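Accompanying notes for the structure given below.
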Amino acid sequence: MTKEQGTAAPKGRVILHLDMNAFYCSVHEAEEPHLYKGKPTAVAGSVEQRKGIIVTSSYTARSKGIKTGMTVREGLRRCPDLILIRPDFNLYRTYSRGFMSIARQYTPLVEAVSIDECYLDITGSSAFGEPLEIARAIQERIQTEWNLPCSIGIAPNKLLAKMASDMNKPNGFTVLRIRDVPNLLWDKPCDTLFGIGRKTAEKLIKLNIRTIGQLAAVDESMLVKHFGVIGSWMKAAAYGHDHGEVSAERERNKSIGHTTTLPKDVTGREEAHRILLNLADQTGRRMRHQKMMAATVQIVIRRPDMTTFNRSVTLDSPTDSASDIHREACKLFDRYWKPGEPVRLLGITLQNLTLQTETAVQLDLFDYNEQPRKAALTKTMDMLRDKFGEDAVLTAGMLGDDPSTLIRNKRIRGTSLQRDEHMLYSDE
């Protein structure tokens, strides 16, 4: 079902999924319509170098073949009149707070999952009208008050609400009920079911399960045998069932991380280590700002063919030190990277986080006299950077001309908290 079909409120819960359309480009168009309205635009990290990657593009640009992840050079080849825009995350956050504030006026149960999307549980919001009236009012207010287009999915659970919002973009308005699932979803490939990624879909294909309908028909025990507890979830999801709650309370971050896409392939160990230094510096700083420590350091490496792998190590003792994070990240890189192999993206994620006040730190027998001094120095550096800016105190190894040096600039860096599903790339 799409658009305004159906007027009766579904029984049980009523969940909305609000998804902003081409959010970054739409924000720039809302700010400066005389420059960008109706034109092919793209947000890219390295506009000047013409070597960067396109983060997102307007629907006008998409109609000309521009895609997320495409190089700027290729984008300009396909669309010579493409307008490149440097990211401005302070601006994006302002607009994000704006549309989410409208959502919270209709229910306190709003769960932000990224900078440009959220779930709303409006089961108890009948004072504002029927579910379709509420959804339409939210969509119209966001357009009127913030000049932003959005798509809204309406369903009895989060899974179907998310899938419904993806069905009609831009400015879609879709109702998806459990009884609609066989007709609307069962003929689609398994990887169109939200929560099933490419690798899982490939494994399903090897089991001769290609569509959501075939997934629904498979014996659950067979799925559990091959996928564990996820198999039970996939079986239920294929029928449109999902029991996830809309959580208005922001949980403590389960991880803190950042990735950077490089304007050109990196093939040297020393250069990769320098990029990891910038990533370790900022992930460590963000973690200390939240007064947390990490027990696990993970790195992500992506090759030019877009194949990606993650490797992690759990430390003997939790740390909040950038030098510790950098050392472990470099060890992982050296262990799993083949000399000379090109790298297009690098990232560091800190996991198994605990509050500093709740964490027992093991002192190094040979270094215990130095550790308090290092902690005091780190605290002083943080204070200086809080007061004078991120570039106030740098080591020589942090200097360079690749995007990893830009993540200290909050205006353009964005964020990729694990909770936010790597929001830099979530803009659709």
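By order of appearance in the structure tokens: chains A, B, ..., then residues from 1 within every chain, and ligands from 1 in the order shown.
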Strand (DSSP E or B) per DSSP on the backbone: members of segment 98-312 of chain A, as JSON, numbers by chain:
{"A": [110, 111, 112, 113, 114, 117, 118, 119, 120, 121, 150, 151, 152, 153, 154, 155, 173, 174, 175, 189, 211, 255, 256, 257, 258, 259, 260, 261, 262, 263, 264, 265, 266, 292, 293, 294, 295, 296, 297, 298, 299, 300, 301, 302, 308, 309, 310, 311, 312]}
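Residue neighbourhood of Ile299 of chain A, excluding near-sequence residues (fewer than 2 positions): Val297, Ile301, Asn310, Arg311, Ser312, Ala329, Gly347, Ile348 and Thr349 of chain A, at 7 Å, using only C-alpha atoms.
Minimum atom-to-atom distance to Ile196 of chain A, evaluated using only C-alpha atoms, belongs to A:Thr211 out of A:Ser57, A:Thr211, A:Asn183, A:Thr94.
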Could you list, as a PDB file with C-alpha atoms, in the first residue's frame, every residue within 8 Å of Val266 of chain A, counting only C-alpha atoms and ignoring same-chain residues fewer than 6 positions away?
ATOM      1  CA  ALA A 272      48.672   4.228   6.890  1.00  0.00           C
ATOM      2  CA  PRO A 342      46.131  -0.600  -1.802  1.00  0.00           C
ATOM      3  CA  VAL A 343      43.829   0.778   0.886  1.00  0.00           C
ATOM      4  CA  ARG A 344      40.940   3.182   0.159  1.00  0.00           C
TER       5      ARG A 344
END
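Ranking A:Ser125, A:Asn171, A:Thr71, A:Gln143 by their shortest atom-to-atom distance to Gln105 of chain A, with only C-alpha atoms included, puts A:Ser125 first.
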Which of segment 212-328 of chain A DSSP labels helix (DSSP H, G or I), written as a PyMOL selection string:
chain A and resi 212-217+220-227+229-238+269-289+322-328
Dump C-alpha atoms for the selected residues as a PDB file, in the first residue's frame?
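And here's again16.pdb as it stands now:
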ATOM      1  CA  ILE A 212      11.737 -13.209   1.012  1.00  0.00           C
ATOM      2  CA  GLY A 213       8.877 -15.574   0.182  1.00  0.00           C
ATOM      3  CA  GLN A 214      11.263 -18.508  -0.068  1.00  0.00           C
ATOM      4  CA  LEU A 215      12.794 -17.416   3.236  1.00  0.00           C
ATOM      5  CA  ALA A 216       9.332 -17.432   4.816  1.00  0.00           C
ATOM      6  CA  ALA A 217       8.703 -20.966   3.546  1.00  0.00           C
ATOM      7  CA  GLU A 220      13.123 -22.510  10.913  1.00  0.00           C
ATOM      8  CA  SER A 221      15.381 -25.271  12.249  1.00  0.00           C
ATOM      9  CA  MET A 222      17.334 -25.229   8.997  1.00  0.00           C
ATOM     10  CA  LEU A 223      17.891 -21.473   9.300  1.00  0.00           C
ATOM     11  CA  VAL A 224      18.979 -21.821  12.917  1.00  0.00           C
ATOM     12  CA  LYS A 225      21.397 -24.566  11.912  1.00  0.00           C
ATOM     13  CA  HIS A 226      23.153 -22.253   9.431  1.00  0.00           C
ATOM     14  CA  PHE A 227      22.710 -18.835  11.085  1.00  0.00           C
ATOM     15  CA  VAL A 229      19.563 -17.296  16.589  1.00  0.00           C
ATOM     16  CA  ILE A 230      19.578 -14.893  13.632  1.00  0.00           C
ATOM     17  CA  GLY A 231      17.853 -17.664  11.680  1.00  0.00           C
ATOM     18  CA  SER A 232      14.789 -17.428  13.947  1.00  0.00           C
ATOM     19  CA  TRP A 233      14.722 -13.667  13.499  1.00  0.00           C
ATOM     20  CA  MET A 234      14.916 -13.987   9.685  1.00  0.00           C
ATOM     21  CA  LYS A 235      12.008 -16.429   9.643  1.00  0.00           C
ATOM     22  CA  ALA A 236       9.830 -14.057  11.686  1.00  0.00           C
ATOM     23  CA  ALA A 237      10.937 -11.007   9.709  1.00  0.00           C
ATOM     24  CA  ALA A 238      10.003 -12.681   6.416  1.00  0.00           C
ATOM     25  CA  ARG A 269      52.800   1.319   5.861  1.00  0.00           C
ATOM     26  CA  GLU A 270      54.104   4.635   7.228  1.00  0.00           C
ATOM     27  CA  GLU A 271      51.322   6.640   5.598  1.00  0.00           C
ATOM     28  CA  ALA A 272      48.672   4.228   6.890  1.00  0.00           C
ATOM     29  CA  HIS A 273      50.118   4.503  10.404  1.00  0.00           C
ATOM     30  CA  ARG A 274      49.907   8.308  10.210  1.00  0.00           C
ATOM     31  CA  ILE A 275      46.256   8.151   9.183  1.00  0.00           C
ATOM     32  CA  LEU A 276      45.547   5.754  12.041  1.00  0.00           C
ATOM     33  CA  LEU A 277      47.211   8.265  14.385  1.00  0.00           C
ATOM     34  CA  ASN A 278      44.655  10.935  13.483  1.00  0.00           C
ATOM     35  CA  LEU A 279      41.832   8.426  13.891  1.00  0.00           C
ATOM     36  CA  ALA A 280      43.177   7.249  17.252  1.00  0.00           C
ATOM     37  CA  ASP A 281      43.563  10.845  18.408  1.00  0.00           C
ATOM     38  CA  GLN A 282      39.959  11.781  17.738  1.00  0.00           C
ATOM     39  CA  THR A 283      38.258   8.555  18.776  1.00  0.00           C
ATOM     40  CA  GLY A 284      40.244   8.650  22.028  1.00  0.00           C
ATOM     41  CA  ARG A 285      39.355  12.292  22.589  1.00  0.00           C
ATOM     42  CA  ARG A 286      35.658  11.694  21.981  1.00  0.00           C
ATOM     43  CA  MET A 287      35.745   8.753  24.380  1.00  0.00           C
ATOM     44  CA  ARG A 288      37.465  10.790  27.102  1.00  0.00           C
ATOM     45  CA  HIS A 289      34.912  13.549  26.605  1.00  0.00           C
ATOM     46  CA  ALA A 322      45.340   7.762  22.119  1.00  0.00           C
ATOM     47  CA  SER A 323      48.871   6.353  22.105  1.00  0.00           C
ATOM     48  CA  ASP A 324      47.609   2.965  23.323  1.00  0.00           C
ATOM     49  CA  ILE A 325      44.824   3.002  20.749  1.00  0.00           C
ATOM     50  CA  HIS A 326      47.240   3.943  17.977  1.00  0.00           C
ATOM     51  CA  ARG A 327      49.756   1.286  18.981  1.00  0.00           C
ATOM     52  CA  GLU A 328      47.153  -1.492  18.942  1.00  0.00           C
TER      53      GLU A 328
END
I need the residue nearest Asp81 of chain A from this list: A:Thr107, A:Thr56, A:Thr41, A:Ser26. Use only C-alpha atoms for the distance.
A:Thr41
Mind dumping a table of every segment 210-304 of chain A residue within 12 Å of segment 52-55 of chain A, with the nearest atom pair and its distance in Å to one decimal, using only C-alpha atoms, sorted by chain and rising number, as a tab-separated table?
residue	atom	partner	partner_atom	distance
A:Thr260	CA	A:Ile53	CA	10.3
A:Thr261	CA	A:Ile53	CA	7.2
A:Leu262	CA	A:Gly52	CA	7.0
A:Pro263	CA	A:Gly52	CA	4.5
A:Lys264	CA	A:Gly52	CA	7.7
A:Asp265	CA	A:Gly52	CA	10.9
A:Pro304	CA	A:Ile53	CA	11.6
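Counting only C-alpha atoms, the residue from A:Leu160, A:Leu207, A:Ile138, A:Ile154 that sits nearest to Leu193 of chain A is A:Leu160.
Counting from atom CA of Ile122 of chain A, the distance to atom CA of Lys254 of chain A is 27.1 Å.
Taking only C-alpha atoms into account, Lys67 of chain A lies nearest to A:Ala44 out of the set A:Ala44, A:Gly98, A:Asp187, A:Leu18.
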May I ask which of the residues A:Thr354, A:Pro182, A:Ala42, A:Asn157 is the closest one to Gly69 of chain A, counting only C-alpha atoms?
A:Ala42
